[in-house]
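This is protein.txt (compact mmCIF, C-alpha atoms).
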# COMPACT_ATOMS: atom_id res chain seq x y z
CA MET A 1 117.86 103.03 82.57
CA VAL A 2 117.18 103.36 86.28
CA THR A 3 117.83 106.83 87.63
CA GLU A 4 118.75 107.91 91.10
CA THR A 5 115.86 109.30 93.15
CA ALA A 6 115.20 110.20 96.75
CA ASP A 7 113.36 106.93 97.16
CA ASN A 8 115.94 104.89 95.34
CA PRO A 9 119.29 106.50 96.22
CA SER A 10 121.40 103.68 94.85
CA GLY A 11 119.75 104.04 91.45
CA THR A 12 119.09 100.33 91.08
CA VAL A 13 115.91 98.37 90.56
CA GLN A 14 115.51 96.31 93.69
CA SER A 15 114.98 92.96 92.09
CA ASP A 16 114.48 90.67 95.06
CA THR A 17 111.73 88.58 93.52
CA THR A 18 111.23 86.50 96.64
CA SER A 19 109.84 89.35 98.70
CA GLY A 20 107.46 92.15 97.86
CA ALA A 21 108.69 94.03 100.92
CA ALA A 22 111.88 95.40 99.43
CA PHE A 23 110.49 96.92 96.24
CA SER A 24 108.97 100.35 95.78
CA ALA A 25 107.84 101.78 92.46
CA LYS A 26 108.09 105.34 93.82
CA GLY A 27 109.96 107.67 91.49
CA MET A 28 109.92 105.18 88.61
CA THR A 29 110.48 106.89 85.25
CA VAL A 30 108.55 106.07 82.09
CA GLU A 31 111.77 104.64 80.61
CA ASP A 32 112.17 102.26 83.62
CA PHE A 33 108.52 101.35 83.41
CA PHE A 34 108.71 100.16 79.81
CA GLU A 35 112.15 98.62 80.29
CA ILE A 36 110.89 96.23 82.96
CA SER A 37 107.59 95.69 81.13
CA ASN A 38 109.44 93.78 78.42
CA GLY A 39 109.07 90.02 78.54
CA GLU A 40 106.40 87.35 78.88
CA TRP A 41 103.62 87.59 81.41
CA LYS A 42 100.87 85.33 82.70
CA SER A 43 97.81 87.46 83.34
CA GLN A 44 94.69 87.03 85.48
CA ARG A 45 92.05 89.64 84.74
CA SER A 46 88.78 90.24 86.57
CA SER A 47 86.22 92.52 85.00
CA HIS A 48 83.36 94.05 86.97
CA ASN A 49 80.31 95.16 85.07
CA LEU A 50 79.17 97.93 87.40
CA VAL A 51 75.72 98.24 85.87
CA TRP A 52 74.70 94.58 86.22
CA GLY A 53 77.08 93.52 89.00
CA GLN A 54 78.58 90.77 86.85
CA PHE A 55 82.07 89.28 87.05
CA GLU A 56 84.23 87.97 84.21
CA ALA A 57 87.50 86.10 84.72
CA VAL A 58 90.08 86.03 81.92
CA THR A 59 93.45 84.29 81.88
CA SER A 60 95.95 85.15 79.18
CA GLU A 61 99.57 85.13 78.15
CA ILE A 62 101.04 88.47 77.17
CA LYS A 63 104.28 89.14 75.33
CA ILE A 64 105.85 92.60 75.28
CA GLU A 65 108.86 93.33 73.08
CA ALA A 66 110.78 96.57 72.49
CA LEU A 67 110.80 97.71 68.84
CA PRO A 68 113.41 99.98 67.25
CA SER A 69 112.15 103.25 65.73
CA SER A 70 113.31 101.88 62.37
CA ASP A 71 110.76 99.02 62.52
CA GLU A 72 108.32 99.36 59.63
CA LYS A 73 105.31 98.94 61.96
CA VAL A 74 106.55 101.93 63.98
CA ILE A 75 107.12 103.98 60.82
CA GLU A 76 103.58 103.13 59.69
CA LEU A 77 102.14 104.13 63.10
CA CYS A 78 104.02 107.45 62.93
CA LYS A 79 102.65 108.13 59.44
CA GLN A 80 99.06 107.40 60.54
CA ASN A 81 99.47 109.95 63.32
CA ASP A 82 101.48 112.60 61.46
CA VAL A 83 104.32 112.20 63.93
CA SER A 84 108.02 112.24 63.10
CA ALA A 85 109.93 109.08 64.07
CA ASP A 86 112.45 111.42 65.77
CA ASP A 87 109.80 112.32 68.35
CA ILE A 88 109.37 108.72 69.50
CA LEU A 89 110.91 107.87 72.88
CA LEU A 90 110.39 104.14 72.58
CA SER A 91 108.15 101.61 70.87
CA LEU A 92 106.94 98.12 71.62
CA SER A 93 104.76 95.36 70.35
CA MET A 94 102.31 93.61 72.65
CA SER A 95 100.53 90.36 71.81
CA TRP A 96 98.17 88.27 73.86
CA GLU A 97 96.22 85.03 73.81
CA GLY A 98 93.55 84.41 76.40
CA GLU A 99 90.43 82.63 77.58
CA SER A 100 87.35 83.94 79.36
CA ASP A 101 85.19 82.01 81.80
CA TRP A 102 82.22 83.39 79.84
CA ASP A 103 83.17 81.40 76.75
CA ASP A 104 85.70 78.61 77.28
CA ASP A 105 85.72 77.65 73.62
CA GLU A 106 86.80 80.95 72.21
CA VAL A 107 90.46 81.89 72.34
CA MET A 108 90.90 85.65 72.27
CA SER A 109 94.11 86.83 70.72
CA GLY A 110 95.51 89.98 69.22
CA SER A 111 98.46 92.26 68.99
CA THR A 112 99.14 95.97 68.92
CA VAL A 113 102.08 98.28 68.31
CA MET A 114 102.64 101.22 70.65
CA SER A 115 104.91 104.24 70.50
CA VAL A 116 105.56 106.53 73.45
CA ILE A 117 106.09 110.28 72.98
CA LYS A 118 107.35 112.40 75.87
CA ASP A 119 105.84 115.89 76.01
CA GLY A 120 107.23 116.72 79.46
CA PRO A 121 109.33 115.03 82.19
CA THR A 122 106.41 112.91 83.41
CA LYS A 123 103.77 113.09 80.67
CA GLY A 124 103.18 112.56 76.99
CA ARG A 125 101.23 110.68 74.36
CA LEU A 126 100.92 107.02 73.53
CA LEU A 127 100.12 105.99 69.96
CA ARG A 128 98.46 102.61 69.48
CA SER A 129 97.74 100.71 66.31
CA MET A 130 94.71 99.23 68.06
CA GLY A 131 92.90 100.59 71.10
CA TYR A 132 91.74 98.94 74.31
CA ALA A 133 88.07 100.00 74.53
CA GLU A 134 87.55 99.99 70.77
CA GLU A 135 89.48 98.09 68.14
CA ILE A 136 90.66 101.15 66.25
CA PRO A 137 93.90 103.16 66.30
CA ALA A 138 94.04 105.44 69.30
CA VAL A 139 96.12 108.19 70.84
CA GLY A 140 96.18 108.36 74.64
CA GLN A 141 97.59 110.84 77.15
CA TRP A 142 99.91 109.33 79.74
CA GLU A 143 101.36 110.54 83.00
CA MET A 144 103.76 108.95 85.51
CA THR A 145 102.63 109.74 89.05
CA PRO A 146 105.20 110.39 91.85
CA ASP A 147 104.08 107.00 93.16
CA GLY A 148 105.29 105.21 90.03
CA VAL A 149 101.89 104.59 88.44
CA PHE A 150 101.62 104.88 84.65
CA VAL A 151 98.21 106.51 84.07
CA LEU A 152 96.81 106.43 80.54
CA ASN A 153 93.66 108.24 79.41
CA THR A 154 92.27 107.43 75.98
CA PHE A 155 89.20 108.95 74.38
CA TYR A 156 87.39 106.94 71.73
CA ASP A 157 84.31 107.77 69.66
CA ALA A 158 81.84 106.24 72.09
CA ALA A 159 83.92 105.57 75.21
CA ALA A 160 86.81 106.79 77.32
CA ALA A 161 89.29 104.54 79.12
CA GLU A 162 91.59 105.18 82.07
CA GLU A 163 94.28 102.62 82.78
CA ARG A 164 96.52 102.68 85.84
CA ILE A 165 99.49 100.29 85.63
CA TRP A 166 102.20 99.80 88.24
CA PHE A 167 104.73 97.29 89.50
CA ALA A 168 104.10 95.63 92.87
CA THR A 169 107.47 93.89 92.41
CA PRO A 170 109.68 93.87 89.28
CA ASP A 171 108.00 90.56 88.36
CA LEU A 172 104.40 91.46 89.25
CA ARG A 173 102.60 94.14 87.27
CA MET A 174 99.12 95.34 88.23
CA ARG A 175 96.63 97.16 86.09
CA VAL A 176 93.29 98.78 86.89
CA SER A 177 91.21 99.88 83.89
CA GLN A 178 87.94 101.72 83.84
CA ILE A 179 85.76 102.40 80.83
CA ARG A 180 83.04 105.01 80.75
CA THR A 181 80.72 105.91 77.92
CA SER A 182 81.46 109.30 76.44
CA SER A 183 77.74 110.04 76.46
CA GLY A 184 78.14 110.82 80.15
CA ARG A 185 76.62 107.68 81.67
CA GLY A 186 79.49 107.22 84.11
CA ILE A 187 81.88 104.32 84.61
CA VAL A 188 80.39 101.10 83.28
CA THR A 189 83.24 98.59 83.53
CA ALA A 190 86.26 98.31 85.78
CA SER A 191 88.85 95.59 85.55
CA PHE A 192 91.89 94.43 87.47
CA SER A 193 94.82 92.48 86.05
CA THR A 194 97.69 90.83 87.84
CA GLU A 195 100.51 89.95 85.50
CA ILE A 196 103.29 87.62 86.65
CA ARG A 197 106.53 87.32 84.71
CA SER A 198 106.76 83.81 83.25
CA MET B 199 86.02 119.26 104.94
CA VAL B 200 87.33 119.82 101.42
CA THR B 201 90.39 122.05 101.27
CA GLU B 202 91.64 124.20 98.47
CA THR B 203 94.48 122.67 96.45
CA ALA B 204 96.24 123.37 93.17
CA ASP B 205 94.17 120.63 91.56
CA ASN B 206 90.94 121.71 93.14
CA PRO B 207 91.12 125.51 93.33
CA SER B 208 87.49 126.01 94.20
CA GLY B 209 87.84 123.74 97.23
CA THR B 210 84.76 121.70 96.41
CA VAL B 211 84.25 118.01 95.80
CA GLN B 212 83.17 117.76 92.19
CA SER B 213 80.10 115.64 92.69
CA ASP B 214 78.80 115.13 89.16
CA THR B 215 77.78 111.52 89.63
CA THR B 216 76.62 111.08 86.03
CA SER B 217 80.10 111.31 84.56
CA GLY B 218 83.44 109.97 85.69
CA ALA B 219 85.11 112.56 83.47
CA ALA B 220 84.67 115.54 85.76
CA PHE B 221 86.06 114.05 88.96
CA SER B 222 89.67 113.90 90.04
CA ALA B 223 90.88 112.55 93.38
CA LYS B 224 94.16 114.49 93.05
CA GLY B 225 95.03 116.42 96.18
CA MET B 226 92.35 114.70 98.27
CA THR B 227 93.07 114.98 101.99
CA VAL B 228 92.65 112.13 104.47
CA GLU B 229 89.76 114.09 106.04
CA ASP B 230 87.98 114.31 102.64
CA PHE B 231 88.68 110.67 101.99
CA PHE B 232 86.96 109.46 105.15
CA GLU B 233 84.19 112.06 104.87
CA ILE B 234 83.04 110.73 101.49
CA SER B 235 83.65 107.12 102.54
CA ASN B 236 80.71 107.35 104.94
CA GLY B 237 77.55 105.64 103.78
CA GLU B 238 76.37 102.33 102.34
CA TRP B 239 78.19 100.60 99.53
CA LYS B 240 77.56 97.64 97.25
CA SER B 241 80.87 95.89 96.69
CA GLN B 242 82.16 93.50 94.01
CA ARG B 243 85.49 91.96 94.94
CA SER B 244 87.72 89.74 92.82
CA SER B 245 90.58 87.92 94.48
CA HIS B 246 93.48 86.47 92.54
CA ASN B 247 95.45 83.68 94.11
CA LEU B 248 98.79 84.32 92.42
CA VAL B 249 100.29 80.97 93.37
CA TRP B 250 97.52 78.78 91.93
CA GLY B 251 96.04 81.20 89.41
CA GLN B 252 92.59 80.96 91.00
CA PHE B 253 89.80 83.55 90.99
CA GLU B 254 87.25 84.24 93.72
CA ALA B 255 84.27 86.57 93.31
CA VAL B 256 82.64 88.11 96.37
CA THR B 257 79.65 90.43 96.52
CA SER B 258 78.91 92.29 99.72
CA GLU B 259 77.18 95.22 101.31
CA ILE B 260 79.36 97.55 103.36
CA LYS B 261 78.27 100.20 105.82
CA ILE B 262 80.67 102.90 107.02
CA GLU B 263 79.68 105.29 109.81
CA ALA B 264 81.64 108.05 111.53
CA LEU B 265 82.05 107.55 115.29
CA PRO B 266 82.67 110.32 117.84
CA SER B 267 85.87 110.05 119.92
CA SER B 268 83.59 109.68 122.94
CA ASP B 269 82.17 106.39 121.65
CA GLU B 270 83.00 103.59 124.07
CA LYS B 271 84.32 101.36 121.25
CA VAL B 272 86.79 104.12 120.31
CA ILE B 273 87.83 104.58 123.94
CA GLU B 274 88.39 100.81 124.21
CA LEU B 275 90.48 100.81 120.99
CA CYS B 276 92.61 103.68 122.33
CA LYS B 277 93.18 101.82 125.59
CA GLN B 278 94.26 98.64 123.74
CA ASN B 279 96.83 100.69 121.82
CA ASP B 280 98.02 102.98 124.63
CA VAL B 281 96.87 106.01 122.65
CA SER B 282 95.18 109.10 124.08
CA ALA B 283 91.73 109.83 122.65
CA ASP B 284 93.01 113.40 122.05
CA ASP B 285 95.38 112.07 119.39
CA ILE B 286 92.55 110.62 117.29
CA LEU B 287 91.71 112.56 114.10
CA LEU B 288 88.55 110.59 113.32
CA SER B 289 86.97 107.20 113.95
CA LEU B 290 84.51 105.02 112.12
CA SER B 291 82.77 101.69 112.25
CA MET B 292 82.64 99.46 109.21
CA SER B 293 80.38 96.44 108.86
CA TRP B 294 79.85 94.06 105.96
CA GLU B 295 77.80 91.11 104.85
CA GLY B 296 78.81 89.16 101.78
CA GLU B 297 78.74 86.01 99.67
CA SER B 298 81.52 84.24 97.82
CA ASP B 299 81.13 82.21 94.62
CA TRP B 300 83.29 79.59 96.36
CA ASP B 301 80.60 78.91 98.93
CA ASP B 302 77.13 80.25 98.14
CA ASP B 303 75.66 78.94 101.38
CA GLU B 304 77.90 80.78 103.77
CA VAL B 305 77.20 84.42 104.50
CA MET B 306 80.34 86.21 105.60
CA SER B 307 79.78 89.11 107.92
CA GLY B 308 81.73 91.16 110.38
CA SER B 309 82.47 94.58 111.69
CA THR B 310 85.46 96.56 112.81
CA VAL B 311 86.17 99.88 114.50
CA MET B 312 88.94 102.09 113.14
CA SER B 313 90.64 105.22 114.42
CA VAL B 314 92.88 107.42 112.32
CA ILE B 315 95.91 109.19 113.84
CA LYS B 316 97.74 111.86 111.84
CA ASP B 317 101.53 111.86 112.35
CA GLY B 318 102.25 114.32 109.51
CA PRO B 319 100.31 116.24 106.83
CA THR B 320 99.86 113.15 104.61
CA LYS B 321 100.69 110.18 106.84
CA GLY B 322 99.85 108.50 110.09
CA ARG B 323 98.58 105.38 111.81
CA LEU B 324 95.30 103.51 111.61
CA LEU B 325 94.13 101.47 114.59
CA ARG B 326 91.76 98.60 113.90
CA SER B 327 89.83 96.45 116.30
CA MET B 328 90.10 93.62 113.75
CA GLY B 329 92.59 93.32 110.89
CA TYR B 330 92.16 92.49 107.22
CA ALA B 331 94.70 89.69 106.69
CA GLU B 332 94.28 88.25 110.17
CA GLU B 333 91.34 88.57 112.50
CA ILE B 334 93.23 90.28 115.28
CA PRO B 335 93.64 93.93 116.31
CA ALA B 336 96.12 95.69 114.05
CA VAL B 337 97.96 98.99 113.65
CA GLY B 338 98.72 100.08 110.10
CA GLN B 339 100.74 102.92 108.59
CA TRP B 340 98.83 105.09 106.12
CA GLU B 341 99.84 107.67 103.56
CA MET B 342 97.81 109.85 101.17
CA THR B 343 99.60 110.07 97.80
CA PRO B 344 99.53 113.31 95.74
CA ASP B 345 97.21 111.38 93.43
CA GLY B 346 94.59 110.96 96.15
CA VAL B 347 95.22 107.30 96.95
CA PHE B 348 94.96 106.17 100.58
CA VAL B 349 97.77 103.62 100.99
CA LEU B 350 97.69 101.44 104.08
CA ASN B 351 100.46 99.04 105.10
CA THR B 352 99.77 96.61 107.92
CA PHE B 353 102.16 94.04 109.32
CA TYR B 354 100.71 90.97 111.02
CA ASP B 355 102.41 88.02 112.69
CA ALA B 356 102.51 85.86 109.56
CA ALA B 357 101.56 88.27 106.78
CA ALA B 358 101.75 91.84 105.56
CA ALA B 359 99.00 93.67 103.68
CA GLU B 360 99.08 96.72 101.44
CA GLU B 361 95.78 98.33 100.55
CA ARG B 362 95.37 101.14 98.03
CA ILE B 363 91.95 102.82 98.11
CA TRP B 364 90.79 105.72 95.94
CA PHE B 365 87.69 107.35 94.52
CA ALA B 366 87.04 107.03 90.78
CA THR B 367 84.00 109.24 91.32
CA PRO B 368 82.50 110.41 94.64
CA ASP B 369 80.13 107.42 94.39
CA LEU B 370 82.61 104.79 93.19
CA ARG B 371 85.42 103.68 95.48
CA MET B 372 88.13 101.29 94.30
CA ARG B 373 90.46 99.20 96.38
CA VAL B 374 93.45 97.05 95.48
CA SER B 375 94.83 94.85 98.26
CA GLN B 376 97.86 92.63 98.25
CA ILE B 377 98.89 90.16 100.90
CA ARG B 378 102.35 88.71 101.22
CA THR B 379 103.67 86.26 103.76
CA SER B 380 106.11 87.84 106.17
CA SER B 381 108.38 84.82 105.72
CA GLY B 382 109.49 86.45 102.46
CA ARG B 383 107.62 84.26 99.98
CA GLY B 384 106.36 87.24 97.97
CA ILE B 385 102.86 88.41 97.18
CA VAL B 386 100.41 85.53 97.35
CA THR B 387 97.01 87.18 96.96
CA ALA B 388 95.85 90.35 95.24
CA SER B 389 92.28 91.56 95.18
CA PHE B 390 90.28 94.32 93.58
CA SER B 391 87.06 95.82 94.91
CA THR B 392 84.68 98.21 93.25
CA GLU B 393 82.29 99.78 95.73
CA ILE B 394 79.24 101.68 94.48
CA ARG B 395 77.26 103.94 96.79
CA SER B 396 73.80 102.47 97.31
Let's see the structure in the file written out as structure tokens.
Amino acid sequence: MVTETADNPSGTVQSDTTSGAAFSAKGMTVEDFFEISNGEWKSQRSSHNLVWGQFEAVTSEIKIEALPSSDEKVIELCKQNDVSADDILLSLSMSWEGESDWDDDEVMSGSTVMSVIKDGPTKGRLLRSMGYAEEIPAVGQWEMTPDGVFVLNTFYDAAAAEERIWFATPDLRMRVSQIRTSSGRGIVTASFSTEIRS
Amino acid sequence: MVTETADNPSGTVQSDTTSGAAFSAKGMTVEDFFEISNGEWKSQRSSHNLVWGQFEAVTSEIKIEALPSSDEKVIELCKQNDVSADDILLSLSMSWEGESDWDDDEVMSGSTVMSVIKDGPTKGRLLRSMGYAEEIPAVGQWEMTPDGVFVLNTFYDAAAAEERIWFATPDLRMRVSQIRTSSGRGIVTASFSTEIRS
């Protein structure tokens, strides 16, 4: 799945997990990105409430699995969005279970199904059975930057989310999310996740 | 200081501070980046210790001021690095005062002088009177990505730091830093700062 690029002439993922120095995400394709996203991850997430200056710390375990286009959850997602299964590049299921330092007793858990559609070499749509800012189905616009960052913009009824996800090493994924109200009040929450392959 | 680009054909910084939707950092030049970095900022920083899974929350106030090349601190920095003052693109002083949730009693404060040298249209060196990972003078390599992210790599005696800094809006700066040991033990700390203009 890894293609040859100017920054990666040998066409291999540099998978030296003992050193962050060797790895560069530059030129990563969306196919590579989802390929190495598969697996189990231990996540630390810090959220900043920018209005009140508050911090929240969340630890969770995340599981990402590739799904075939023939999976009934993918077929259902396609139907909901009036999309043909032939247009799907790849699909995955993501589930998580986590705890916040704001409420130690409550375990947060959930799962979502996602399908990626490619509308150009480095951009497309992402269908989700459940959104990030609001717990409803959502369609986002994604783009892979030359730097290897997967950027996803999703517009909900009352909010808009931008997520930037990239690999610091093949076993360390980073994610910066920002949520703004669609009423034009600016960015209200920003969060940072570090996800280590377990 | 703002130049015309494909992504910003009017050549203006879109400064609608009430909505994150209108602003894009794409195509931002290093001159623009430092121009709008000037001022006073309220910072929230979350650090993730990736080895122990710990969180640290730091709040601080940061002040960034442009310095003329004739400033004696800039001249001193040039001397230390055997660089001619004529090669300096711009200089600034940065000072901060902050508190960590790990130690409420201790106020952390400091200041540093930085000079930016341009070695190509989108890359160069950054001289610092005091480093980020270690409190010694440091020379880093910077690059502006097409996406408008200022990426700074600095190698110290016992560690290496990568910082990625970008504007979410003209009044909201974000920064992701990662520190790895130079002995090849991988990335040990990652942190995320949101800085709001005060």
The residues within 12 Å of (90.6, 101.2, 68.7), using all atoms listed in the file and the coordinates of the file, should be reported as JSON, numbers by chain; which are they?
{"A": [111, 112, 113, 127, 128, 129, 130, 131, 132, 133, 134, 135, 136, 137, 138, 139, 140, 154, 155, 156, 157, 158, 159, 160, 161]}
List the spatial neighbours of stretch 385-387 of chain B as number ranges by chain - criterion: any atom at most 6 Å away, only C-alpha atoms, same-chain residues fewer than 3 positions off excluded.
A: 20; B: 246-248, 376-378
Generate a file of the selected residues that holds C-alpha atoms, formatted as an mmCIF file, in the frame of the given file.
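Ended up saving to part-v4.cif:
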data_model
loop_
_atom_site.group_PDB
_atom_site.id
_atom_site.type_symbol
_atom_site.label_atom_id
_atom_site.label_comp_id
_atom_site.auth_asym_id
_atom_site.auth_seq_id
_atom_site.Cartn_x
_atom_site.Cartn_y
_atom_site.Cartn_z
ATOM 1 C CA GLY A 20 107.460 92.150 97.860
ATOM 2 C CA HIS B 246 93.480 86.470 92.540
ATOM 3 C CA ASN B 247 95.450 83.680 94.110
ATOM 4 C CA LEU B 248 98.790 84.320 92.420
ATOM 5 C CA GLN B 376 97.860 92.630 98.250
ATOM 6 C CA ILE B 377 98.890 90.160 100.900
ATOM 7 C CA ARG B 378 102.350 88.710 101.220
#
Pick from A:Ser109, A:Ser115, A:Ser37, A:Thr145: nearest to chain B, with all atoms listed in the file counted?
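Checking each of A:Ser109, A:Ser115, A:Ser37, A:Thr145 against chain B, counting all atoms listed in the file, the winner is A:Thr145.
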Nearest to B:Leu324 by atom-to-atom distance, counting all atoms listed in the file, from B:Glu341, B:Glu238, B:Glu254, B:Glu274
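Comparing B:Glu341, B:Glu238, B:Glu254, B:Glu274 against B:Leu324, the winner is B:Glu341.
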Mind pulling up the distance from atom CA of A:Trp142 to atom CA of B:Asp345?
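Separating atom CA of B:Asp345 from atom CA of A:Trp142 is a distance of 14.1 Å.
The interatomic distance for the pair atom CA of B:Gln252 and atom CA of A:Glu35 works out to 28.4 Å.
Here atom CA of B:Asp269 stands at a distance of 22.2 Å from atom CA of B:Asp317.
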Within-6 Å shell of (92.7, 82.9, 75.4) in input frame, all atoms listed in the file, as a list in words:
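Every polymer residue passing the test: Ser60, Glu97, Gly98, Glu99, Val107 and Met108 of chain A.
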At a cut-off of 10 Å, which residues of chain A touch chain B? Count only C-alpha atoms and give the answer as a PyMOL selection string.
chain A and resi 16-22+42-51+53-59+145-147+149+160+162+168-169+172+174-176+178-196
Tell me which of A:Ile165, A:Pro170, A:Ser198, A:Asp101 sits closest to A:Ile36, counting all atoms listed in the file.
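Nearest to A:Ile36: A:Pro170.
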Is it possible to get the axis-aligned box enclosing stretch 263-269 of chain B (all listed atoms, 3 Å extra per side) as AutoDock Vina command-line options, with centre and edge lengths in Å rounded to one decimal?
--center_x 82.8 --center_y 107.8 --center_z 116.4 --size_x 12.2 --size_y 11.0 --size_z 19.1
Any idea what's packed within 10 Å of A:Pro121, counting all atoms listed in the file, ignoring anything in its chain fewer than 3 positions away? Could you give it as an mmCIF file with C-alpha atoms, in the coordinates of the input?
data_model
loop_
_atom_site.group_PDB
_atom_site.id
_atom_site.type_symbol
_atom_site.label_atom_id
_atom_site.label_comp_id
_atom_site.auth_asym_id
_atom_site.auth_seq_id
_atom_site.Cartn_x
_atom_site.Cartn_y
_atom_site.Cartn_z
ATOM 1 C CA THR A 29 110.480 106.890 85.250
ATOM 2 C CA VAL A 30 108.550 106.070 82.090
ATOM 3 C CA LYS A 118 107.350 112.400 75.870
ATOM 4 C CA GLY A 124 103.180 112.560 76.990
ATOM 5 C CA GLU A 143 101.360 110.540 83.000
ATOM 6 C CA MET A 144 103.760 108.950 85.510
#
I want to know what sits within 10 Å of A:Phe34, based on only C-alpha atoms, with residues of the same chain fewer than 4 positions away left out; could you give that as a PyMOL selection string?
chain A and resi 1+29-30+38+64-66+90-92+116+150
